[in-house]
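Student: Can you keep this structure in mind? I'll have questions shortly.
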Amino acid sequence: MSATATLTPRAEVEALFRPATFGPRSLDHRIVMAPMTRSRAGEGNVVTGLTREYYRQRASAALIVTEATQVSPQGVGYPNTPGIHTEAQVQAWRAVVDAVHAEGGTIVLQLWHVGRISHSMYHGGELPVAPSAIAAEGEVFTADGMKSFETPRALETAEVREVVEQFRHGAKLALDAGFDGVEIHAANGYLIDQFLRDGANQRNDRYGGSIENRMRFPLEVVDAVVSVWGADRVGIRVSPLGGFNSMEDSDPEALFTAFATALGKRELGYLHIISDNAFADDPRSFDPLWLGSAFGGTVIAAGGYDARSGADEIAAGRADLVAFGRDFIANPDLPARFAHGAELAQPNASTFYGGGAEGYTDYPGLED
């Protein structure tokens, strides 16, 4: 593995090493492992012993947020992604949690439903579901290669409550598996994000139209998950300016300010903000981390940070913790590397999705 030449002294990133909390858990520092799809689940969308080792190696993160995990078969959109809706999946995840806990780590499960970002081949020929019958642009990755996105079927009003129950059930099974909490995936153009943004949600019932109506389903999901876990062990991830999966909104600042305010009233454990500004030249753009003031609670910042820029966000009071993605792939002991100003190994992008141990559990730690 190659390594970067840029080293950052501990003194310059000291803010990353202040203690913090998540719910009842004390965190030794503020370096979070971001959720990252790795597509290595086995038959039945069950995680394997390889996944257990992958997360165990990274247990020195202040908080691990697992890869996105579908709450029902309806939520599947990619091959070999894990689920949390069967007993076999629960048992396999419990082994992962136990391994992380044995190393002193804290781990939460990210709850996921892809909505329209799927294909009928995953659903016995039935179309994917979405708030509205609007197809995303581009192609979706399947076991049979790339396929064009299909026009999804709009959920009936009564069906929306059924999806809320899928999230509640997934939250309950995550509790059964022993996780320390859950994170609701409301980012990156998946189902909850699709309901929020008017580029994907053109419904004319109580779940569409006004900002208040478009927030209704996401907040029903939040309330259902909180009913299982309690608010302080529930986080949520948003991408206010993300354009991934054909996402857009006519007034993202008004929408996400209102959403952050509603989430703050529920006193959630954290708001996880992807701060990348995808519309940097758009006059409607805004600084997503400003949403922290509307939320009023713990903020996790994500979006291409290195040790120094992440520490700067914390020192400036714009974030409480910082999530790192690709750096954790290639550096299982990333906090130690930051603490020692050590070089960072670079990940092999060809092994990000699918495969076995190569590019997954074979990256050495500093001691090696």
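To be explicit about the labels: the chains of the structure tokens are called A, B, and onward in the order shown, and within each one the residues are counted from 1, while ligands get numbers from 1 in the order they are shown.
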Show me, as JSON lines, the residues of stretch 254-324 of chain A having an atom within 9 Å of stretch 177-199 of chain A, each with the closest atom pair and its distance in Å, using only C-alpha atoms.

Tutor:
{"residue": "A:Leu255", "atom": "CA", "partner": "A:Leu196", "partner_atom": "CA", "distance": 7.8}
{"residue": "A:Phe256", "atom": "CA", "partner": "A:Leu196", "partner_atom": "CA", "distance": 8.7}
{"residue": "A:Phe259", "atom": "CA", "partner": "A:Leu196", "partner_atom": "CA", "distance": 8.9}
{"residue": "A:Tyr270", "atom": "CA", "partner": "A:Glu183", "partner_atom": "CA", "distance": 8.8}
{"residue": "A:His272", "atom": "CA", "partner": "A:Glu183", "partner_atom": "CA", "distance": 8.7}
{"residue": "A:Ile273", "atom": "CA", "partner": "A:Ala187", "partner_atom": "CA", "distance": 8.8}
{"residue": "A:Ile274", "atom": "CA", "partner": "A:Ala187", "partner_atom": "CA", "distance": 8.2}

Student: Taking 5 positions as the minimum chain separation for residues in the same chain, which residues sit within 8 Å of stretch 24-30 of chain A when counting only C-alpha atoms? Answer as a list in words.

Tutor: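 Everything that qualifies: Leu16, Phe17, Arg18, Pro19, Ala62, Leu63, Thr106, Asp320, Leu321 and Val322 of chain A.
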
Student: Take the residues from that selection and write them out as a tab-separated table (two decimals), in the first residue's frame, keeping N, CA, C and O atoms.

Tutor:
chain	number	residue	atom	x	y	z
A	16	LEU	N	-9.62	16.66	18.20
A	16	LEU	CA	-10.17	15.34	17.89
A	16	LEU	C	-10.11	14.39	19.07
A	16	LEU	O	-10.83	13.39	19.10
A	17	PHE	N	-9.27	14.70	20.04
A	17	PHE	CA	-9.02	13.76	21.14
A	17	PHE	C	-9.65	14.19	22.46
A	17	PHE	O	-9.33	13.66	23.51
A	18	ARG	N	-10.57	15.13	22.38
A	18	ARG	CA	-11.36	15.46	23.56
A	18	ARG	C	-12.40	14.37	23.79
A	18	ARG	O	-12.95	13.83	22.83
A	19	PRO	N	-12.69	14.03	25.02
A	19	PRO	CA	-13.73	13.02	25.27
A	19	PRO	C	-15.10	13.54	24.86
A	19	PRO	O	-15.34	14.75	24.78
A	62	ALA	N	-14.13	6.23	17.84
A	62	ALA	CA	-14.98	6.67	18.94
A	62	ALA	C	-16.36	6.06	18.81
A	62	ALA	O	-16.99	5.64	19.79
A	63	LEU	N	-16.83	5.98	17.58
A	63	LEU	CA	-18.14	5.43	17.26
A	63	LEU	C	-18.07	4.85	15.87
A	63	LEU	O	-17.60	5.53	14.94
A	106	THR	N	-17.67	1.11	20.39
A	106	THR	CA	-19.08	1.48	20.38
A	106	THR	C	-19.55	1.44	18.93
A	106	THR	O	-18.89	1.99	18.04
A	320	ASP	N	-19.23	18.48	16.64
A	320	ASP	CA	-18.80	17.85	17.90
A	320	ASP	C	-17.95	16.62	17.65
A	320	ASP	O	-17.07	16.29	18.45
A	321	LEU	N	-18.22	15.91	16.56
A	321	LEU	CA	-17.43	14.77	16.14
A	321	LEU	C	-17.27	14.85	14.63
A	321	LEU	O	-18.03	15.56	13.95
A	322	VAL	N	-16.30	14.10	14.10
A	322	VAL	CA	-16.06	14.12	12.66
A	322	VAL	C	-15.97	12.67	12.16
A	322	VAL	O	-15.29	11.84	12.77

Student: Would you mind telling me which residue in A:Ala88, A:Ser246, A:Ile107, A:Asp362 lies nearest to A:Ile134 when using only C-alpha atoms?

Tutor: A:Ser246

Student: Would you mind listing what lies within 7 Å of A:Gln89 as a list in words, with only C-alpha atoms counted and same-chain residues fewer than 5 positions away left out?

Tutor: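 My list of contacting residues is Val46, Val47, Gly83 and Ile84 of chain A.
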
Student: Once DSSP has gone over the backbone, tell me which residues of stretch 121-349 of chain A are in strand (DSSP E), as JSON, numbers by chain.

Tutor: {"A": [129, 130, 139, 140, 141, 142, 145, 146, 147, 148, 153, 154, 181, 182, 183, 184, 185, 234, 235, 236, 237, 238, 270, 271, 272, 273, 274, 299, 300, 301, 302, 321, 322, 323, 324]}

Student: Using only C-alpha atoms for the distances, tell me which of A:Ala154, A:Ala231, A:Ala143, A:Leu111 is nearest to A:Arg168.

Tutor: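 Answer, going by the shortest atom-to-atom distance: A:Leu111.
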
Student: Please, which residues in stretch 30-103 of chain A fall within 9 Å of stretch 345-353 of chain A when counting only C-alpha atoms, and what is the closest atom pair and distance in Å to one decimal for each, ordered by chain then residue number, as CSV?

Tutor:
residue,atom,partner,partner_atom,distance
A:Thr37,CA,A:Tyr353,CA,7.3
A:Arg38,CA,A:Tyr353,CA,4.7
A:Ser39,CA,A:Tyr353,CA,5.2
A:Arg40,CA,A:Tyr353,CA,7.3

Student: Select from stretch 106-339 of chain A everything DSSP, run on the backbone, classes as helix (DSSP H, G or I), then give the selection as number ranges by chain.

Tutor: A: 120-122, 157-176, 191-196, 211-214, 216-229, 231-233, 252-265, 288-295, 307-315, 326-330, 334-339

Student: Can you spit out the residues from that selection as a JSON list (two decimals), in the first residue's frame, using C-alpha atoms?

Tutor:
[["chain", "number", "residue", "atom", "x", "y", "z"],
["A", 120, "SER", "CA", -37.34, -5.07, -10.18],
["A", 121, "MET", "CA", -34.86, -7.96, -10.31],
["A", 122, "TYR", "CA", -34.47, -7.56, -6.55],
["A", 157, "THR", "CA", -50.89, 6.55, 1.38],
["A", 158, "ALA", "CA", -51.72, 3.52, 3.52],
["A", 159, "GLU", "CA", -48.48, 1.81, 2.48],
["A", 160, "VAL", "CA", -46.35, 4.62, 3.89],
["A", 161, "ARG", "CA", -47.26, 3.53, 7.42],
["A", 162, "GLU", "CA", -46.18, 0.00, 6.51],
["A", 163, "VAL", "CA", -42.71, 1.29, 5.64],
["A", 164, "VAL", "CA", -42.59, 3.17, 8.95],
["A", 165, "GLU", "CA", -43.24, -0.18, 10.63],
["A", 166, "GLN", "CA", -40.37, -1.71, 8.66],
["A", 167, "PHE", "CA", -38.06, 0.84, 10.23],
["A", 168, "ARG", "CA", -39.51, 0.19, 13.68],
["A", 169, "HIS", "CA", -39.01, -3.56, 13.24],
["A", 170, "GLY", "CA", -35.44, -3.07, 12.02],
["A", 171, "ALA", "CA", -34.74, -0.86, 15.03],
["A", 172, "LYS", "CA", -36.12, -3.55, 17.35],
["A", 173, "LEU", "CA", -33.94, -6.23, 15.75],
["A", 174, "ALA", "CA", -30.89, -3.97, 16.03],
["A", 175, "LEU", "CA", -31.64, -3.69, 19.75],
["A", 176, "ASP", "CA", -31.91, -7.48, 19.94],
["A", 191, "LEU", "CA", -36.19, 6.66, 0.42],
["A", 192, "ILE", "CA", -36.29, 9.12, 3.33],
["A", 193, "ASP", "CA", -34.35, 11.70, 1.32],
["A", 194, "GLN", "CA", -36.72, 11.10, -1.61],
["A", 195, "PHE", "CA", -39.69, 12.02, 0.58],
["A", 196, "LEU", "CA", -37.96, 15.15, 1.86],
["A", 211, "ILE", "CA", -42.25, 21.22, 3.64],
["A", 212, "GLU", "CA", -44.33, 20.14, 6.62],
["A", 213, "ASN", "CA", -45.95, 17.36, 4.59],
["A", 214, "ARG", "CA", -42.68, 16.20, 3.03],
["A", 216, "ARG", "CA", -44.08, 13.82, 7.76],
["A", 217, "PHE", "CA", -42.84, 10.36, 6.71],
["A", 218, "PRO", "CA", -39.22, 11.00, 7.82],
["A", 219, "LEU", "CA", -40.43, 12.20, 11.23],
["A", 220, "GLU", "CA", -42.80, 9.25, 11.56],
["A", 221, "VAL", "CA", -39.78, 7.00, 10.98],
["A", 222, "VAL", "CA", -37.79, 8.91, 13.60],
["A", 223, "ASP", "CA", -40.61, 8.64, 16.15],
["A", 224, "ALA", "CA", -41.00, 4.91, 15.47],
["A", 225, "VAL", "CA", -37.29, 4.27, 15.97],
["A", 226, "VAL", "CA", -37.17, 6.44, 19.09],
["A", 227, "SER", "CA", -40.07, 4.42, 20.53],
["A", 228, "VAL", "CA", -37.72, 1.41, 20.47],
["A", 229, "TRP", "CA", -34.42, 2.99, 21.51],
["A", 231, "ALA", "CA", -34.03, 9.49, 21.65],
["A", 232, "ASP", "CA", -30.47, 9.70, 22.96],
["A", 233, "ARG", "CA", -29.37, 6.50, 21.21],
["A", 252, "PRO", "CA", -32.89, 23.14, 0.51],
["A", 253, "GLU", "CA", -32.04, 25.70, 3.18],
["A", 254, "ALA", "CA", -35.67, 26.17, 4.24],
["A", 255, "LEU", "CA", -36.35, 22.43, 4.05],
["A", 256, "PHE", "CA", -33.39, 21.23, 6.07],
["A", 257, "THR", "CA", -33.57, 24.06, 8.59],
["A", 258, "ALA", "CA", -37.15, 23.03, 9.33],
["A", 259, "PHE", "CA", -36.15, 19.37, 9.46],
["A", 260, "ALA", "CA", -33.18, 20.00, 11.77],
["A", 261, "THR", "CA", -35.42, 22.05, 14.05],
["A", 262, "ALA", "CA", -37.99, 19.24, 14.24],
["A", 263, "LEU", "CA", -35.25, 16.71, 14.95],
["A", 264, "GLY", "CA", -33.83, 18.93, 17.68],
["A", 265, "LYS", "CA", -37.18, 19.03, 19.44],
["A", 288, "PRO", "CA", -24.93, 22.62, 5.84],
["A", 289, "LEU", "CA", -23.14, 22.71, 9.20],
["A", 290, "TRP", "CA", -25.20, 25.78, 10.08],
["A", 291, "LEU", "CA", -28.00, 23.29, 10.63],
["A", 292, "GLY", "CA", -26.32, 22.43, 13.92],
["A", 293, "SER", "CA", -27.67, 25.61, 15.47],
["A", 294, "ALA", "CA", -31.22, 24.71, 14.41],
["A", 295, "PHE", "CA", -30.75, 21.18, 15.74],
["A", 307, "ALA", "CA", -7.28, 15.21, 10.57],
["A", 308, "ARG", "CA", -6.51, 18.93, 10.52],
["A", 309, "SER", "CA", -9.71, 20.13, 8.84],
["A", 310, "GLY", "CA", -11.79, 17.88, 11.06],
["A", 311, "ALA", "CA", -10.10, 19.17, 14.20],
["A", 312, "ASP", "CA", -10.67, 22.73, 12.98],
["A", 313, "GLU", "CA", -14.43, 22.12, 12.70],
["A", 314, "ILE", "CA", -14.53, 20.91, 16.30],
["A", 315, "ALA", "CA", -12.32, 23.70, 17.60],
["A", 326, "ARG", "CA", -11.98, 6.04, 3.08],
["A", 327, "ASP", "CA", -9.23, 6.73, 5.60],
["A", 328, "PHE", "CA", -10.78, 4.08, 7.85],
["A", 329, "ILE", "CA", -10.86, 1.57, 4.99],
["A", 330, "ALA", "CA", -7.08, 1.56, 4.60],
["A", 334, "LEU", "CA", -6.92, 5.55, 12.21],
["A", 335, "PRO", "CA", -7.17, 7.27, 15.62],
["A", 336, "ALA", "CA", -3.71, 6.00, 16.55],
["A", 337, "ARG", "CA", -2.30, 7.23, 13.24],
["A", 338, "PHE", "CA", -3.80, 10.67, 13.82],
["A", 339, "ALA", "CA", -2.47, 10.71, 17.38]]

Student: Record the distance separating atom CA of A:Asp249 and atom CA of A:Pro152, expressed in Å with one decimal.

Tutor: 19.1 Å

Student: Could you give me, as JSON, numbers by chain, the residues within 12 Å of A:Tyr78, counting only C-alpha atoms and dropping anything in the same chain fewer than 3 positions from it?

Tutor: {"A": [37, 38, 39, 40, 41, 45, 68, 69, 70, 73, 74, 75, 81, 82, 83, 112, 113, 114, 115, 116, 117, 118, 119, 120, 121, 122, 123, 139, 140, 141, 142, 143, 144, 145, 146, 147, 353, 354]}

Student: Could you write out the selected residues, including N, CA and C atoms, as a compact mmCIF listing (two decimals), in the first residue's frame?

Tutor:
# COMPACT_ATOMS: atom_id res chain seq x y z
N THR A 37 -20.83 1.33 2.42
CA THR A 37 -21.24 0.07 1.79
C THR A 37 -20.02 -0.65 1.24
N ARG A 38 -19.91 -1.93 1.58
CA ARG A 38 -18.77 -2.73 1.11
C ARG A 38 -19.22 -3.96 0.33
N SER A 39 -20.51 -4.27 0.33
CA SER A 39 -21.08 -5.35 -0.50
C SER A 39 -20.39 -6.69 -0.30
N ARG A 40 -20.31 -7.11 0.96
CA ARG A 40 -19.69 -8.39 1.26
C ARG A 40 -20.58 -9.29 2.12
N ALA A 41 -21.86 -9.01 2.17
CA ALA A 41 -22.77 -9.89 2.89
C ALA A 41 -22.93 -11.21 2.12
N ASN A 45 -28.42 -12.01 2.61
CA ASN A 45 -28.00 -10.68 3.09
C ASN A 45 -27.56 -10.72 4.55
N ALA A 68 -24.82 0.79 5.49
CA ALA A 68 -26.27 0.85 5.40
C ALA A 68 -26.86 -0.56 5.37
N THR A 69 -27.93 -0.75 6.14
CA THR A 69 -28.50 -2.08 6.36
C THR A 69 -30.00 -2.00 6.16
N GLN A 70 -30.50 -2.75 5.16
CA GLN A 70 -31.90 -2.60 4.79
C GLN A 70 -32.84 -3.19 5.85
N PRO A 73 -36.94 -6.63 2.82
CA PRO A 73 -36.59 -7.00 1.45
C PRO A 73 -36.94 -5.90 0.45
N GLN A 74 -38.00 -5.15 0.73
CA GLN A 74 -38.40 -4.06 -0.13
C GLN A 74 -37.34 -2.97 -0.22
N GLY A 75 -36.48 -2.89 0.80
CA GLY A 75 -35.46 -1.85 0.86
C GLY A 75 -34.17 -2.19 0.17
N THR A 81 -25.59 -6.59 0.11
CA THR A 81 -25.67 -5.62 1.21
C THR A 81 -26.47 -6.24 2.35
N PRO A 82 -26.10 -5.95 3.60
CA PRO A 82 -26.72 -6.67 4.72
C PRO A 82 -28.12 -6.16 5.05
N GLY A 83 -28.86 -7.03 5.74
CA GLY A 83 -30.19 -6.67 6.20
C GLY A 83 -30.31 -6.78 7.70
N TRP A 112 -31.79 1.46 6.73
CA TRP A 112 -31.78 1.90 5.33
C TRP A 112 -32.95 1.33 4.55
N HIS A 113 -33.50 2.13 3.68
CA HIS A 113 -34.43 1.69 2.64
C HIS A 113 -34.07 2.50 1.41
N VAL A 114 -33.77 1.83 0.29
CA VAL A 114 -33.26 2.54 -0.87
C VAL A 114 -34.35 3.23 -1.69
N GLY A 115 -35.62 2.81 -1.53
CA GLY A 115 -36.67 3.40 -2.34
C GLY A 115 -36.48 3.12 -3.81
N ARG A 116 -36.45 4.18 -4.62
CA ARG A 116 -36.38 4.02 -6.08
C ARG A 116 -35.02 3.58 -6.58
N ILE A 117 -33.99 3.64 -5.73
CA ILE A 117 -32.64 3.29 -6.17
C ILE A 117 -32.47 1.77 -6.07
N SER A 118 -33.21 1.10 -6.94
CA SER A 118 -33.27 -0.35 -6.93
C SER A 118 -33.69 -0.81 -8.33
N HIS A 119 -34.06 -2.08 -8.42
CA HIS A 119 -34.48 -2.65 -9.70
C HIS A 119 -35.44 -3.79 -9.42
N SER A 120 -36.33 -4.02 -10.36
CA SER A 120 -37.34 -5.07 -10.18
C SER A 120 -36.72 -6.45 -10.01
N MET A 121 -35.49 -6.65 -10.47
CA MET A 121 -34.86 -7.96 -10.31
C MET A 121 -34.64 -8.31 -8.84
N TYR A 122 -34.61 -7.30 -7.98
CA TYR A 122 -34.47 -7.56 -6.55
C TYR A 122 -35.80 -7.86 -5.87
N HIS A 123 -36.89 -7.67 -6.59
CA HIS A 123 -38.21 -7.72 -5.96
C HIS A 123 -39.18 -8.64 -6.69
N GLU A 139 -27.86 4.58 -13.99
CA GLU A 139 -27.96 3.13 -13.90
C GLU A 139 -27.73 2.66 -12.47
N VAL A 140 -28.26 1.50 -12.16
CA VAL A 140 -28.08 0.88 -10.86
C VAL A 140 -27.23 -0.37 -11.04
N PHE A 141 -26.37 -0.64 -10.07
CA PHE A 141 -25.51 -1.82 -10.11
C PHE A 141 -26.29 -3.02 -9.62
N THR A 142 -26.30 -4.09 -10.39
CA THR A 142 -26.97 -5.33 -10.00
C THR A 142 -26.01 -6.50 -10.16
N ALA A 143 -26.45 -7.66 -9.71
CA ALA A 143 -25.63 -8.86 -9.87
C ALA A 143 -25.45 -9.21 -11.34
N ASP A 144 -26.32 -8.69 -12.20
CA ASP A 144 -26.22 -8.94 -13.65
C ASP A 144 -25.62 -7.75 -14.39
N GLY A 145 -24.92 -6.89 -13.66
CA GLY A 145 -24.29 -5.74 -14.28
C GLY A 145 -25.13 -4.48 -14.14
N MET A 146 -24.74 -3.44 -14.83
CA MET A 146 -25.44 -2.16 -14.74
C MET A 146 -26.75 -2.21 -15.52
N LYS A 147 -27.82 -1.67 -14.91
CA LYS A 147 -29.13 -1.60 -15.56
C LYS A 147 -29.71 -0.21 -15.35
N TYR A 353 -16.00 -2.58 -3.30
CA TYR A 353 -17.29 -3.27 -3.30
C TYR A 353 -17.13 -4.72 -3.73
N GLY A 354 -17.60 -5.61 -2.88
CA GLY A 354 -17.55 -7.03 -3.20
C GLY A 354 -16.18 -7.63 -3.00

Student: Please compute the atom CA of A:Ser148-atom CA of A:Tyr207 distance, one decimal, in Å.

Tutor: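 According to the coordinates, atom CA of A:Ser148 and atom CA of A:Tyr207 are separated by 27.2 Å.
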
Student: Any idea what's packed within 8 Å of A:Arg203, counting only C-alpha atoms, ignoring anything in its chain fewer than 3 positions away? Could you give it as a list in words?

Tutor: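 Everything that qualifies: Pro131, Ser132, Tyr207, Gly208 and Gly209 of chain A.
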
Student: Put those residues in a file: all heavy atoms, as an mmCIF file, in the first residue's frame.

Tutor:
data_model
loop_
_atom_site.group_PDB
_atom_site.id
_atom_site.type_symbol
_atom_site.label_atom_id
_atom_site.label_comp_id
_atom_site.auth_asym_id
_atom_site.auth_seq_id
_atom_site.Cartn_x
_atom_site.Cartn_y
_atom_site.Cartn_z
ATOM 1 N N PRO A 131 -41.722 7.807 -3.232
ATOM 2 C CA PRO A 131 -42.829 8.716 -2.960
ATOM 3 C C PRO A 131 -43.637 9.031 -4.215
ATOM 4 O O PRO A 131 -44.860 9.198 -4.152
ATOM 5 C CB PRO A 131 -42.146 9.964 -2.394
ATOM 6 C CG PRO A 131 -40.722 9.846 -2.784
ATOM 7 C CD PRO A 131 -40.426 8.394 -2.863
ATOM 8 N N SER A 132 -42.962 9.132 -5.359
ATOM 9 C CA SER A 132 -43.623 9.451 -6.622
ATOM 10 C C SER A 132 -43.018 8.596 -7.733
ATOM 11 O O SER A 132 -41.894 8.086 -7.606
ATOM 12 C CB SER A 132 -43.457 10.936 -6.965
ATOM 13 O OG SER A 132 -44.014 11.753 -5.964
ATOM 14 N N TYR A 207 -48.396 13.409 2.552
ATOM 15 C CA TYR A 207 -46.950 13.196 2.553
ATOM 16 C C TYR A 207 -46.231 13.990 1.455
ATOM 17 O O TYR A 207 -45.049 13.753 1.206
ATOM 18 C CB TYR A 207 -46.639 11.711 2.402
ATOM 19 C CG TYR A 207 -47.056 10.890 3.607
ATOM 20 C CD1 TYR A 207 -48.197 10.095 3.568
ATOM 21 C CD2 TYR A 207 -46.311 10.920 4.776
ATOM 22 C CE1 TYR A 207 -48.583 9.345 4.677
ATOM 23 C CE2 TYR A 207 -46.687 10.176 5.890
ATOM 24 C CZ TYR A 207 -47.834 9.391 5.835
ATOM 25 O OH TYR A 207 -48.205 8.654 6.927
ATOM 26 N N GLY A 208 -46.925 14.907 0.803
ATOM 27 C CA GLY A 208 -46.292 15.674 -0.260
ATOM 28 C C GLY A 208 -46.774 17.100 -0.295
ATOM 29 O O GLY A 208 -47.741 17.490 0.363
ATOM 30 N N GLY A 209 -46.055 17.907 -1.075
ATOM 31 C CA GLY A 209 -46.442 19.310 -1.223
ATOM 32 C C GLY A 209 -45.612 20.220 -0.348
ATOM 33 O O GLY A 209 -44.456 20.528 -0.663
#

Student: Counting only C-alpha atoms, figure out which residue out of A:Leu155, A:Leu366, A:Ala59, A:Leu50 gets nearest to A:Gly104.

Tutor: A:Ala59

Student: Using atom CA of A:Ala34 and atom CA of A:Gly359 as the two end points, give the distance in Å to one decimal.

Tutor: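 Value for the atom CA of A:Ala34-atom CA of A:Gly359 distance: 16.9 Å.
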